[in-house]
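Chemist: File follows, target-v8.cif with mmCIF, C-alpha atoms and all ligand atoms:
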```cif
data_upload
#
loop_
_atom_site.label_atom_id
_atom_site.label_comp_id
_atom_site.auth_asym_id
_atom_site.auth_seq_id
_atom_site.Cartn_x
_atom_site.Cartn_y
_atom_site.Cartn_z
CA MET A 478 10.93 -16.49 0.12
CA ILE A 479 7.41 -15.45 0.98
CA PRO A 480 4.72 -15.60 -1.72
CA THR A 481 3.31 -12.09 -2.27
CA LYS A 482 0.85 -12.56 -5.12
CA GLY A 483 -2.80 -11.65 -4.80
CA LYS A 484 -4.53 -9.82 -1.98
CA LYS A 485 -3.04 -11.68 0.94
CA LYS A 486 -0.63 -9.94 3.30
CA TRP A 487 2.31 -11.93 4.63
CA MET A 488 4.62 -10.13 7.05
CA GLN A 489 7.94 -11.73 7.90
CA LEU A 490 9.22 -10.60 11.30
CA PRO A 491 12.07 -11.88 13.51
CA ARG A 492 10.78 -14.23 16.20
CA ASP A 493 13.44 -13.37 18.81
CA VAL A 494 15.02 -9.96 19.28
CA VAL A 495 17.53 -9.99 22.15
CA VAL A 496 19.18 -6.68 23.04
CA GLY A 497 21.44 -5.94 26.01
CA PRO A 498 24.91 -6.26 27.53
CA ASP A 499 26.61 -9.64 27.02
CA VAL A 500 23.66 -11.18 25.16
CA ILE A 501 26.21 -12.75 22.82
CA TYR A 502 26.35 -15.48 25.47
CA ASP A 503 22.60 -16.04 24.96
CA VAL A 504 23.22 -17.31 21.46
CA LYS A 505 22.75 -20.96 22.48
CA ASP A 506 19.47 -20.12 24.25
CA VAL A 507 18.21 -18.32 21.16
CA CYS A 508 19.17 -21.28 18.96
CA ASP A 509 17.40 -23.61 21.37
CA ASP A 510 14.31 -21.42 21.33
CA LEU A 511 14.26 -21.65 17.54
CA LYS A 512 14.86 -25.43 17.74
CA LEU A 513 18.16 -24.94 15.92
CA ARG A 514 21.01 -26.82 17.52
CA GLU A 515 23.79 -28.63 15.63
CA GLY A 516 24.85 -27.30 12.26
CA ALA A 517 25.42 -23.56 12.80
CA PHE A 518 27.46 -21.90 10.07
CA ILE A 519 28.93 -18.51 11.03
CA VAL A 520 29.68 -15.85 8.43
CA THR A 521 31.86 -13.13 9.91
CA GLY A 522 34.18 -10.30 8.83
CA GLN A 523 37.96 -9.93 8.99
CA ASN A 524 37.86 -7.50 11.98
CA THR A 525 34.65 -8.71 13.52
CA LYS A 526 35.82 -12.34 13.71
CA LYS A 527 38.08 -11.39 16.64
CA ILE A 528 35.42 -9.15 18.19
CA ALA A 529 32.44 -11.52 18.04
CA GLY A 530 32.75 -14.29 15.41
CA ASP A 531 35.18 -16.34 17.49
CA VAL A 532 33.13 -15.78 20.65
CA VAL A 533 29.99 -17.18 19.00
CA PHE A 534 31.99 -20.06 17.50
CA ASP A 535 33.60 -21.03 20.84
CA HIS A 536 30.31 -20.72 22.70
CA LEU A 537 28.44 -23.00 20.27
CA ASP A 538 31.42 -25.37 20.08
CA ASP A 539 31.48 -25.67 23.89
CA CYS A 540 27.79 -26.57 23.74
CA GLY A 541 28.55 -29.36 21.23
CA TYR A 542 26.72 -27.61 18.37
CA GLU A 543 29.63 -28.28 15.95
CA PRO A 544 29.65 -24.87 14.26
CA GLY A 545 31.45 -23.95 11.05
CA ILE A 546 32.91 -20.50 10.35
CA ILE A 547 33.93 -18.52 7.27
CA VAL A 548 35.37 -15.01 6.85
CA SER A 549 33.66 -12.87 4.22
CA LYS A 550 35.79 -10.03 2.85
CA GLU A 551 33.16 -8.09 0.90
CA ALA A 552 29.45 -8.00 0.18
CA SER A 553 29.82 -9.57 -3.27
CA MET A 554 28.07 -12.35 -5.17
CA ASP A 555 31.40 -14.23 -5.21
CA ASP A 556 31.46 -14.26 -1.41
CA VAL A 557 27.82 -15.38 -1.32
CA LYS A 558 28.70 -18.29 -3.65
CA LYS A 559 31.65 -19.28 -1.42
CA VAL A 560 29.43 -19.26 1.67
CA VAL A 561 26.73 -21.31 -0.08
CA SER A 562 29.27 -23.89 -1.22
CA GLU A 563 30.99 -24.22 2.20
CA ALA A 564 27.71 -24.33 4.10
CA GLU A 565 26.36 -27.02 1.74
CA GLY A 566 29.59 -29.00 2.01
CA SER A 567 29.41 -29.00 5.81
CA ASN A 568 25.70 -29.91 5.91
CA SER A 569 24.87 -26.75 7.84
CA ARG A 570 21.33 -26.38 9.12
CA TYR A 571 21.28 -22.62 9.75
CA LEU A 572 23.43 -19.55 9.10
CA MET A 573 24.52 -16.74 11.38
CA GLY A 574 25.82 -13.36 10.20
CA VAL A 575 28.20 -12.07 12.89
CA GLY A 576 29.61 -8.63 12.09
CA SER A 577 28.71 -5.39 10.39
CA GLY A 578 26.41 -4.74 7.44
CA LYS A 579 28.47 -6.54 4.82
CA SER A 580 28.87 -9.89 6.65
CA ILE A 581 25.21 -9.85 7.61
CA ASP A 582 24.11 -9.22 4.00
CA VAL A 583 26.29 -12.03 2.64
CA ALA A 584 24.97 -14.48 5.25
CA LYS A 585 21.37 -13.33 4.70
CA LEU A 586 21.44 -13.90 0.95
CA ALA A 587 23.32 -17.20 1.27
CA ALA A 588 20.75 -18.44 3.80
CA THR A 589 17.90 -17.50 1.46
CA GLN A 590 19.56 -19.28 -1.47
CA LEU A 591 20.10 -22.37 0.70
CA ASP A 592 16.57 -22.09 2.11
CA LEU A 593 17.99 -22.19 5.64
CA PRO A 594 17.12 -20.11 8.73
CA PHE A 595 19.26 -17.06 9.42
CA ILE A 596 20.27 -15.32 12.67
CA SER A 597 21.67 -11.78 12.69
CA VAL A 598 24.36 -10.92 15.26
CA PRO A 599 25.38 -7.30 14.55
CA THR A 600 28.60 -5.86 15.99
CA ALA A 601 27.62 -2.33 14.96
CA ALA A 602 24.32 -0.43 14.76
CA SER A 603 25.14 1.32 11.50
CA HIS A 604 21.86 0.75 9.58
CA ASP A 605 18.58 -1.15 9.65
CA GLY A 606 19.95 -3.96 7.44
CA ILE A 607 20.68 -5.78 10.72
CA VAL A 608 17.01 -6.75 10.79
CA SER A 609 15.62 -6.11 7.29
CA SER A 610 14.55 -8.58 4.62
CA ARG A 611 16.95 -7.10 2.07
CA ALA A 612 20.58 -7.73 1.21
CA SER A 613 22.80 -5.21 -0.61
CA ILE A 614 25.28 -7.14 -2.74
CA HIS A 615 27.82 -6.12 -5.38
CA ASP A 616 27.45 -7.99 -8.63
CA LYS A 617 28.94 -7.24 -12.04
CA GLY A 618 30.19 -3.83 -10.95
CA LYS A 619 26.81 -2.79 -9.55
CA LYS A 620 25.27 -2.88 -6.07
CA THR A 621 21.80 -4.39 -5.93
CA SER A 622 19.28 -4.57 -3.12
CA ILE A 623 17.85 -8.11 -3.17
CA GLU A 624 14.76 -9.34 -1.35
CA VAL A 625 15.67 -12.11 1.09
CA ASN A 626 14.15 -13.84 4.09
CA ALA A 627 14.10 -11.73 7.27
CA PRO A 628 16.30 -12.97 10.14
CA MET A 629 14.66 -15.49 12.47
CA ALA A 630 16.41 -13.74 15.36
CA VAL A 631 18.51 -10.67 16.07
CA ILE A 632 21.05 -10.81 18.89
CA ALA A 633 22.46 -7.34 19.56
CA ASP A 634 25.08 -7.26 22.32
CA THR A 635 25.15 -3.62 23.43
CA ASN A 636 28.60 -4.03 25.05
CA ILE A 637 30.12 -5.16 21.75
CA ILE A 638 28.27 -2.46 19.78
CA SER A 639 29.38 0.26 22.28
CA GLY A 640 32.98 -0.79 21.56
CA ALA A 641 32.59 -0.16 17.81
CA PRO A 642 33.82 3.18 16.43
CA TYR A 643 31.24 5.87 17.33
CA ARG A 644 31.01 6.83 13.67
CA LEU A 645 29.06 3.60 13.01
CA LEU A 646 26.44 4.38 15.67
CA ALA A 647 26.05 7.96 14.41
CA ALA A 648 25.55 6.50 10.91
CA GLY A 649 22.77 4.29 12.29
CA CYS A 650 21.07 7.48 13.52
CA GLY A 651 21.29 8.95 10.00
CA ASP A 652 19.56 5.84 8.64
CA ILE A 653 16.77 6.22 11.23
CA ILE A 654 16.27 9.96 10.68
CA SER A 655 15.96 9.30 6.94
CA ASN A 656 12.61 7.64 7.68
CA TYR A 657 11.12 11.16 7.71
CA THR A 658 11.75 11.91 4.05
CA ALA A 659 11.17 8.28 3.06
CA VAL A 660 7.63 8.50 4.45
CA LEU A 661 7.04 11.94 2.86
CA ASP A 662 8.11 10.47 -0.51
CA TRP A 663 5.84 7.48 0.00
CA GLU A 664 2.87 9.75 0.79
CA LEU A 665 3.63 11.75 -2.34
CA ALA A 666 3.72 8.59 -4.47
CA HIS A 667 0.44 7.51 -2.89
CA ARG A 668 -1.23 10.82 -3.74
CA LEU A 669 0.26 11.27 -7.22
CA ARG A 670 0.57 7.67 -8.38
CA ASN A 671 -1.98 5.85 -6.26
CA GLU A 672 0.83 3.69 -4.93
CA PRO A 673 -0.29 1.30 -2.15
CA PHE A 674 0.38 2.88 1.23
CA SER A 675 0.35 1.44 4.73
CA GLU A 676 -0.70 3.85 7.48
CA TYR A 677 0.67 1.49 10.13
CA ALA A 678 4.08 1.08 8.51
CA ALA A 679 4.35 4.83 7.86
CA ALA A 680 3.29 5.75 11.41
CA LEU A 681 5.77 3.30 12.96
CA SER A 682 8.59 4.53 10.74
CA ARG A 683 7.86 8.22 11.44
CA MET A 684 7.51 7.62 15.18
CA THR A 685 10.86 5.79 15.25
CA ALA A 686 12.59 8.81 13.71
CA GLN A 687 10.65 11.17 15.99
CA ILE A 688 11.88 9.46 19.18
CA LEU A 689 15.47 10.04 18.08
CA MET A 690 14.81 13.60 16.93
CA ASP A 691 13.21 14.43 20.30
CA SER A 692 16.38 13.62 22.24
CA PRO A 693 19.50 13.54 20.06
CA GLU A 694 21.62 14.42 23.09
CA ALA A 695 20.91 10.91 24.44
CA ILE A 696 23.22 9.52 21.74
CA LYS A 697 26.80 9.65 22.96
CA PRO A 698 29.98 7.62 22.42
CA GLU A 699 30.63 4.53 24.51
CA LEU A 700 27.27 4.70 26.25
CA GLU A 701 25.40 1.41 26.47
CA SER A 702 22.08 3.28 26.81
CA SER A 703 22.72 5.11 23.51
CA VAL A 704 23.34 1.83 21.71
CA ARG A 705 20.15 0.41 23.16
CA ILE A 706 18.11 3.37 21.81
CA VAL A 707 19.62 3.07 18.34
CA VAL A 708 19.30 -0.72 18.10
CA LYS A 709 15.65 -0.59 19.15
CA ALA A 710 15.00 2.12 16.56
CA LEU A 711 16.71 0.08 13.83
CA VAL A 712 14.60 -2.96 14.76
CA SER A 713 11.50 -0.78 14.68
CA SER A 714 12.40 0.50 11.19
CA GLY A 715 12.95 -3.08 10.06
CA VAL A 716 9.50 -4.01 11.39
CA ALA A 717 7.97 -1.06 9.49
CA MET A 718 9.55 -2.41 6.28
CA SER A 719 8.22 -5.89 7.04
CA ILE A 720 4.71 -4.50 7.56
CA ALA A 721 4.93 -2.59 4.28
CA GLY A 722 6.42 -5.56 2.45
CA SER A 723 9.01 -3.18 0.95
CA SER A 724 11.68 -0.73 2.07
CA ARG A 725 9.36 2.21 1.25
CA PRO A 726 8.89 3.37 4.89
CA ALA A 727 12.68 3.64 5.37
CA SER A 728 14.06 4.35 1.91
CA GLY A 729 13.09 7.25 -0.32
CA SER A 730 14.88 9.99 -2.26
CA GLU A 731 17.58 10.34 0.43
CA HIS A 732 18.46 6.65 -0.03
CA MET A 733 18.52 7.06 -3.82
CA PHE A 734 21.01 9.91 -3.28
CA SER A 735 23.10 7.60 -1.04
CA HIS A 736 22.94 4.75 -3.58
CA ALA A 737 24.07 7.21 -6.30
CA LEU A 738 27.03 8.25 -4.11
CA ASP A 739 27.94 4.57 -3.66
CA MET A 740 28.43 4.40 -7.43
CA LEU A 741 30.08 7.80 -7.92
CA ALA A 742 32.31 7.94 -4.85
CA PRO A 743 32.46 4.37 -3.50
CA GLY A 744 33.93 3.65 -0.09
CA SER A 745 34.11 7.27 1.07
CA ALA A 746 31.30 7.40 3.62
CA LEU A 747 28.98 4.99 5.40
CA HIS A 748 25.45 4.25 4.17
CA GLY A 749 23.78 5.90 7.17
CA GLU A 750 26.04 8.97 6.97
CA GLN A 751 25.10 9.54 3.32
CA CYS A 752 21.41 8.97 4.04
CA GLY A 753 21.54 11.56 6.86
CA VAL A 754 23.01 14.22 4.55
CA GLY A 755 20.51 13.21 1.86
CA THR A 756 17.67 13.69 4.35
CA ILE A 757 18.70 17.32 4.97
CA MET A 758 18.48 18.11 1.25
CA MET A 759 15.36 16.07 0.50
CA MET A 760 13.60 17.69 3.46
CA TYR A 761 14.41 21.07 1.91
CA LEU A 762 12.82 19.88 -1.37
CA HIS A 763 9.74 18.73 0.54
CA GLY A 764 9.48 22.21 2.09
CA GLY A 765 9.97 20.73 5.57
CA ASP A 766 12.14 21.66 8.56
CA TRP A 767 15.54 20.67 7.13
CA LYS A 768 17.34 22.85 9.70
CA LYS A 769 15.98 20.65 12.49
CA ILE A 770 17.31 17.53 10.72
CA LYS A 771 20.73 19.16 10.31
CA GLU A 772 20.81 20.33 13.93
CA CYS A 773 19.87 16.89 15.20
CA LEU A 774 22.60 15.18 13.15
CA GLU A 775 25.11 17.77 14.39
CA ILE A 776 24.19 17.07 18.04
CA ILE A 777 24.62 13.34 17.43
CA GLY A 778 27.96 13.96 15.72
CA ALA A 779 26.97 12.62 12.29
CA PRO A 780 28.21 14.34 9.11
CA THR A 781 26.07 17.13 7.63
CA THR A 782 28.38 18.37 4.86
CA ALA A 783 30.22 17.00 1.84
CA GLU A 784 33.50 17.76 3.57
CA GLU A 785 32.52 15.77 6.66
CA LEU A 786 31.46 12.88 4.40
CA GLY A 787 34.88 13.05 2.74
CA ILE A 788 33.19 13.44 -0.65
CA GLU A 789 33.99 16.14 -3.20
CA ASP A 790 31.22 18.67 -3.93
CA LYS A 791 31.06 17.62 -7.59
CA TYR A 792 29.95 14.10 -6.62
CA ILE A 793 27.23 15.49 -4.35
CA LEU A 794 25.86 17.51 -7.27
CA GLU A 795 26.14 14.58 -9.67
CA ALA A 796 24.41 12.26 -7.21
CA LEU A 797 21.55 14.76 -6.88
CA LEU A 798 21.18 14.79 -10.67
CA VAL A 799 21.12 11.00 -11.18
CA ALA A 800 19.41 9.88 -7.94
CA HIS A 801 15.94 9.67 -9.59
CA GLU A 802 17.32 7.12 -12.09
CA ILE A 803 18.48 4.70 -9.39
CA ARG A 804 15.06 3.19 -8.86
CA PRO A 805 12.75 4.68 -11.50
CA GLU A 806 9.71 2.77 -10.25
CA ARG A 807 9.97 4.43 -6.83
CA TYR A 808 8.39 7.87 -7.20
CA THR A 809 9.82 10.55 -4.88
CA VAL A 810 10.11 14.31 -4.50
CA LEU A 811 12.89 14.14 -7.12
CA GLY A 812 10.20 13.42 -9.73
CA ALA A 813 11.75 13.24 -13.21
CA GLY A 814 14.98 14.73 -11.87
CA LEU A 815 16.45 18.03 -10.71
CA THR A 816 17.93 20.60 -13.06
CA PRO A 817 21.64 21.36 -12.46
CA GLU A 818 20.62 24.79 -11.09
CA ALA A 819 18.11 23.27 -8.66
CA ALA A 820 20.66 20.67 -7.51
CA GLU A 821 23.24 23.34 -6.80
CA LYS A 822 20.67 25.49 -5.01
CA VAL A 823 19.55 22.74 -2.62
CA ALA A 824 23.13 21.67 -1.86
CA ARG A 825 24.31 25.26 -1.21
CA LEU A 826 21.27 26.49 0.69
CA THR A 827 21.43 23.56 3.08
CA LYS A 828 25.21 24.14 3.40
CA VAL A 829 25.99 20.59 2.31
CA ILE A 830 28.43 22.19 -0.14
CA SER A 831 29.99 25.61 0.34
N1 LIG B 1 20.52 -5.11 3.92
C1 LIG B 1 20.11 -3.88 4.08
O1 LIG B 1 18.91 -3.64 4.26
C2 LIG B 1 21.11 -2.78 4.07
C3 LIG B 1 22.41 -3.04 3.69
N2 LIG B 1 23.36 -2.03 3.66
C4 LIG B 1 24.70 -2.39 3.23
O2 LIG B 1 25.53 -2.62 4.37
C5 LIG B 1 26.88 -2.29 4.03
C6 LIG B 1 27.44 -1.27 4.97
O3 LIG B 1 27.38 -1.72 6.26
P1 LIG B 1 28.13 -0.94 7.43
O4 LIG B 1 27.84 -1.69 8.69
O5 LIG B 1 27.73 0.49 7.37
O6 LIG B 1 29.64 -0.99 7.01
P2 LIG B 1 30.67 -2.19 6.89
O7 LIG B 1 30.00 -3.52 6.86
O8 LIG B 1 31.55 -1.83 5.76
O9 LIG B 1 31.47 -2.08 8.27
C7 LIG B 1 32.22 -0.93 8.56
C8 LIG B 1 33.43 -1.28 9.37
O10 LIG B 1 33.08 -1.40 10.74
C9 LIG B 1 33.87 -2.42 11.32
N3 LIG B 1 33.21 -2.87 12.56
C10 LIG B 1 31.98 -3.41 12.70
N4 LIG B 1 31.74 -3.67 14.00
C11 LIG B 1 32.84 -3.31 14.69
C12 LIG B 1 33.19 -3.35 16.07
N5 LIG B 1 32.35 -3.80 17.01
N6 LIG B 1 34.42 -2.89 16.42
C13 LIG B 1 35.27 -2.42 15.49
N7 LIG B 1 35.00 -2.36 14.16
C14 LIG B 1 33.79 -2.80 13.78
C15 LIG B 1 33.94 -3.46 10.22
O11 LIG B 1 35.02 -4.34 10.41
C16 LIG B 1 34.13 -2.59 8.99
O12 LIG B 1 35.48 -2.33 8.76
C17 LIG B 1 26.86 -1.75 2.63
O13 LIG B 1 27.24 -2.80 1.75
C18 LIG B 1 25.42 -1.34 2.44
O14 LIG B 1 25.03 -1.33 1.09
C19 LIG B 1 23.03 -0.77 4.06
C20 LIG B 1 21.74 -0.48 4.47
C21 LIG B 1 20.68 -1.44 4.49
O1 LIG B 2 18.72 0.99 3.60
C1 LIG B 2 17.58 0.61 3.58
C2 LIG B 2 16.59 1.12 4.54
O2 LIG B 2 17.20 1.89 5.54
C3 LIG B 2 17.14 -0.35 2.55
O3 LIG B 2 16.75 0.38 1.48
P1 LIG B 2 16.97 0.00 -0.04
O4 LIG B 2 15.74 -0.73 -0.43
O5 LIG B 2 17.07 1.36 -0.67
O6 LIG B 2 18.23 -0.80 -0.16
ZN ZN B 3 19.21 2.62 4.94
#
```
What is this structure when it is put down as structure tokens?
Modeler:
Amino acid sequence: MIPTKGKKKWMQLPRDVVVGPDVIYDVKDVCDDLKLREGAFIVTGQNTKKIAGDVVFDHLDDCGYEPGIIVSKEASMDDVKKVVSEAEGSNSRYLMGVGSGKSIDVAKLAATQLDLPFISVPTAASHDGIVSSRASIHDKGKKTSIEVNAPMAVIADTNIISGAPYRLLAAGCGDIISNYTAVLDWELAHRLRNEPFSEYAAALSRMTAQILMDSPEAIKPELESSVRIVVKALVSSGVAMSIAGSSRPASGSEHMFSHALDMLAPGSALHGEQCGVGTIMMMYLHGGDWKKIKECLEIIGAPTTAEELGIEDKYILEALLVAHEIRPERYTVLGAGLTPEAAEKVARLTKVIS
């Protein structure tokens, strides 16, 4: 982990970011570039093993890199412990997360605990965790966002990602668009609480969301070019977080709302989908152009209502009421919390609930 005490600034960024069709077959070249050869340990998911985990394993095996592989079922501390123990037992020298958000988070935290390099090989572009220095892990009935080492490399095969259900890509767009309200919240905290603020991180984060908002019609199912746009934006958001040294540029009140939903209505919707809907409502609270956010998500085909999220209205209202308690140290437009009347007003006016 990077030391952050004192005045010094230490930004951890991936060294290699490889994006394009069939780049999964560049995995050996990336390992070579990082001077990592024998001793790869692959953490993959149940579905994603067949889609990409086995491909990476066979490729490295053919090259004589003697990889190991494990299937992680959930992003839990138990799975992290299993990965740590197996990787230690097989004298692994580096870890690879091959799959969606959960496999990547398990591999990322295990690599940090083992003090080993980590390579991220996403099979879906569903959120910026594919490149971030955080891991969201369930422990003792609660999900926690833990600071970890950033990936040394990200290998995003746009053919594989185009084959993932479109819903995952649309969710990635929700996570990117949420940068708008995250930055507005950060600016507010800077003005009201004198919280440290990075102009560069904020500008990069805002610009990333802006590029997507300017042409939402470019995001379509099964289009390699759409995947490329979203992956680059997710990488850019990850870089903004690395510059800031926190998730502030990409996680504000809309993420707190999403984290609250994860506790109240777990497993119903994807992280990026919830963040997109949260952004509509938080933009309303900021007095900004929430209709534009909603319209953009609609064009992309991401959910904009409770019904589309598959979440009952009562959980939306409850999440709005408790969101400010999720991370009390992170000041946002939610301040000390909404009243029940204000929560209902924002959810109804923005047509998130009807
Ligand atoms: N570390 C971080 O900074 C962040 C972590 N997260 C965490 O990530 C997790 C959610 O990740 P998601 O990727 O949204 O969901 P997920 O990991 O649950 O994956 C969703 C589904 O997509 C499937 N899938 C993935 N790629 C596929 C492909 N190419 N073809 C067919 N199916 C495919 C998976 O098998 C899985 O069933 C949560 O635990 C969340 O808290 C969320 C945001 C940021
Ligand atoms: O999802 C994230 C950024 O998009 C990470 O944010 P958190 O710090 O809220 O987990
Ligand atoms: Zn997010």
Chemist: Restrict the calculation to only C-alpha atoms and all ligand atoms, then for each residue of chain A with any atom at most 6 Å from an atom of ligand LIG 1 (chain B) give the closest atom pair and their distance in Å to one decimal, rows by chain and rising residue number, as JSON lines.
Modeler:
```
{"residue": "A:Asn524", "atom": "CA", "partner": "B:LIG1", "partner_atom": "O11", "distance": 4.5}
{"residue": "A:Thr525", "atom": "CA", "partner": "B:LIG1", "partner_atom": "O11", "distance": 5.4}
{"residue": "A:Ala552", "atom": "CA", "partner": "B:LIG1", "partner_atom": "O13", "distance": 5.9}
{"residue": "A:Gly576", "atom": "CA", "partner": "B:LIG1", "partner_atom": "N4", "distance": 5.7}
{"residue": "A:Ser577", "atom": "CA", "partner": "B:LIG1", "partner_atom": "O4", "distance": 4.2}
{"residue": "A:Gly578", "atom": "CA", "partner": "B:LIG1", "partner_atom": "O3", "distance": 3.4}
{"residue": "A:Lys579", "atom": "CA", "partner": "B:LIG1", "partner_atom": "O7", "distance": 4.0}
{"residue": "A:Asp582", "atom": "CA", "partner": "B:LIG1", "partner_atom": "N1", "distance": 5.5}
{"residue": "A:Thr600", "atom": "CA", "partner": "B:LIG1", "partner_atom": "N4", "distance": 4.3}
{"residue": "A:Ala601", "atom": "CA", "partner": "B:LIG1", "partner_atom": "N4", "distance": 4.4}
{"residue": "A:Ser603", "atom": "CA", "partner": "B:LIG1", "partner_atom": "O4", "distance": 4.9}
{"residue": "A:His604", "atom": "CA", "partner": "B:LIG1", "partner_atom": "C20", "distance": 5.3}
{"residue": "A:Asp605", "atom": "CA", "partner": "B:LIG1", "partner_atom": "C21", "distance": 5.6}
{"residue": "A:Gly606", "atom": "CA", "partner": "B:LIG1", "partner_atom": "O1", "distance": 3.4}
{"residue": "A:Ser609", "atom": "CA", "partner": "B:LIG1", "partner_atom": "O1", "distance": 5.1}
{"residue": "A:Arg611", "atom": "CA", "partner": "B:LIG1", "partner_atom": "N1", "distance": 4.5}
{"residue": "A:Ala612", "atom": "CA", "partner": "B:LIG1", "partner_atom": "N1", "distance": 3.8}
{"residue": "A:Ser613", "atom": "CA", "partner": "B:LIG1", "partner_atom": "O14", "distance": 4.8}
{"residue": "A:Ile637", "atom": "CA", "partner": "B:LIG1", "partner_atom": "N5", "distance": 5.4}
{"residue": "A:Ile638", "atom": "CA", "partner": "B:LIG1", "partner_atom": "N5", "distance": 5.1}
{"residue": "A:Gly640", "atom": "CA", "partner": "B:LIG1", "partner_atom": "N5", "distance": 5.5}
{"residue": "A:Ala641", "atom": "CA", "partner": "B:LIG1", "partner_atom": "N6", "distance": 3.6}
{"residue": "A:Pro642", "atom": "CA", "partner": "B:LIG1", "partner_atom": "C13", "distance": 5.9}
{"residue": "A:Leu747", "atom": "CA", "partner": "B:LIG1", "partner_atom": "O5", "distance": 5.1}
{"residue": "A:His748", "atom": "CA", "partner": "B:LIG1", "partner_atom": "O5", "distance": 5.4}
```
Chemist: Which residues sit within 10 Å of ligand LIG 2 (chain B), counting only C-alpha atoms and all ligand atoms, listed as number ranges by chain?
Modeler: A: 603-607, 609-614, 620-624, 649, 651-656, 659, 711, 714-715, 718, 723-736, 748-749, 752, 803-804, 807
Chemist: When distances are computed from all atoms listed in the file, which of A:Leu511, A:Met554, A:Ala779, A:Val704 shows the smallest separation from Asp616 in chain A?
Modeler: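 Of all the options, A:Met554 lies closest to Asp616 in chain A.
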Chemist: Go through A:Gln687, A:Glu785, A:Lys550, A:Ser569 one by one, measure the shortest atom-to-atom distance of each to Ile581 in chain A using only C-alpha atoms, and give the residue with the smallest value.
Modeler: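 Smallest separation from Ile581 in chain A among the options: A:Lys550.
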Chemist: May I have the residues within 8 Å of Asp662 in chain A as a ChimeraX atom specification, using all atoms listed in the file and disregarding those fewer than 2 positions away in the same chain?
Modeler: /A:658-660,664-666,729-730,808-810
Chemist: Leaving out Cys540 in chain A and any residue of its chain fewer than 3 positions from it, which residues lie within 10 Å of it when counting all atoms listed in the file, given as an mmCIF file with C-alpha atoms, in the frame of the given file?
Modeler:
```cif
data_model
loop_
_atom_site.group_PDB
_atom_site.id
_atom_site.type_symbol
_atom_site.label_atom_id
_atom_site.label_comp_id
_atom_site.auth_asym_id
_atom_site.auth_seq_id
_atom_site.Cartn_x
_atom_site.Cartn_y
_atom_site.Cartn_z
ATOM 1 C CA LYS A 505 22.750 -20.960 22.480
ATOM 2 C CA ARG A 514 21.010 -26.820 17.520
ATOM 3 C CA GLU A 515 23.790 -28.630 15.630
ATOM 4 C CA PHE A 534 31.990 -20.060 17.500
ATOM 5 C CA ASP A 535 33.600 -21.030 20.840
ATOM 6 C CA HIS A 536 30.310 -20.720 22.700
ATOM 7 C CA LEU A 537 28.440 -23.000 20.270
ATOM 8 C CA GLU A 543 29.630 -28.280 15.950
ATOM 9 C CA PRO A 544 29.650 -24.870 14.260
#
```
Chemist: Tell me, in Å to one decimal, how far CA of Lys697 in chain A is from CA of Met760 in chain A.
Modeler: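 One can read the CA of Lys697 in chain A to CA of Met760 in chain A distance as 24.9 Å.
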Chemist: Would you work out the distance separating CA of Val716 in chain A from CA of Ser682 in chain A, expressed in Å to one decimal?
Modeler: 8.6 Å
Chemist: One decimal, in Å: what's the spacing between CA of Tyr792 in chain A and CA of Ala602 in chain A?
Modeler: 26.5 Å
Chemist: Check the smallest atom-to-atom distance from each of A:Ala529, A:Glu551, A:Phe518, A:Val823 to Asn568 in chain A using only C-alpha atoms, then report the winner.
Modeler: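 Result for the nearest residue to Asn568 in chain A: A:Phe518.
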Chemist: Pick out the closest residue to ligand ZN 3 (chain B) from this set: A:Glu750, A:Lys485, A:Tyr643, A:Arg705. Count all atoms listed in the file.
Modeler: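 Closest candidate: A:Glu750.
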Chemist: Looking at A:Val754, A:Val500, A:Val707, A:Leu741, which one is nearest to Leu645 in chain A, with distances taken over only C-alpha atoms?
Modeler: A:Val707
Chemist: Calculated over all atoms listed in the file, which of the candidates A:Ala648, A:Val533, A:Ala517, A:Ala584 has the smallest distance to ligand ZN 3 (chain B)?
Modeler: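 Between A:Ala648, A:Val533, A:Ala517, A:Ala584, the residue approaching ligand ZN 3 (chain B) most closely is A:Ala648.
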Chemist: Provide an axis-aligned box for all listed atoms of range 599-605 of chain A, padding each side by 6 Å; report its centre and its edge lengths in Å to one decimal, as JSON.
Modeler:
```
{"center_x": 23.6, "center_y": -3.0, "center_z": 12.8, "size_x": 22.0, "size_y": 20.6, "size_z": 18.4}
```
Chemist: Would you fill out range 519-524 of chain A with N, CA and C atoms and return it as a PDB file, keeping the file's coordinate frame?
Modeler:
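Wrote out13.pdb, looks like this:
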```pdb
ATOM      1  N   ILE A 519      28.739 -19.927  10.702  1.00  0.00           N
ATOM      2  CA  ILE A 519      28.930 -18.510  11.030  1.00  0.00           C
ATOM      3  C   ILE A 519      29.634 -17.791   9.884  1.00  0.00           C
ATOM      4  N   VAL A 520      29.034 -16.698   9.432  1.00  0.00           N
ATOM      5  CA  VAL A 520      29.680 -15.850   8.430  1.00  0.00           C
ATOM      6  C   VAL A 520      30.090 -14.566   9.156  1.00  0.00           C
ATOM      7  N   THR A 521      31.388 -14.290   9.150  1.00  0.00           N
ATOM      8  CA  THR A 521      31.860 -13.130   9.910  1.00  0.00           C
ATOM      9  C   THR A 521      32.835 -12.318   9.051  1.00  0.00           C
ATOM     10  N   GLY A 522      33.268 -11.157   9.584  1.00  0.00           N
ATOM     11  CA  GLY A 522      34.180 -10.300   8.830  1.00  0.00           C
ATOM     12  C   GLY A 522      35.606 -10.440   9.337  1.00  0.00           C
ATOM     13  N   GLN A 523      36.544  -9.809   8.604  1.00  0.00           N
ATOM     14  CA  GLN A 523      37.960  -9.930   8.990  1.00  0.00           C
ATOM     15  C   GLN A 523      38.204  -9.360  10.390  1.00  0.00           C
ATOM     16  N   ASN A 524      37.685  -8.123  10.649  1.00  0.00           N
ATOM     17  CA  ASN A 524      37.860  -7.500  11.980  1.00  0.00           C
ATOM     18  C   ASN A 524      36.911  -8.106  12.997  1.00  0.00           C
TER      19      ASN A 524
END
```
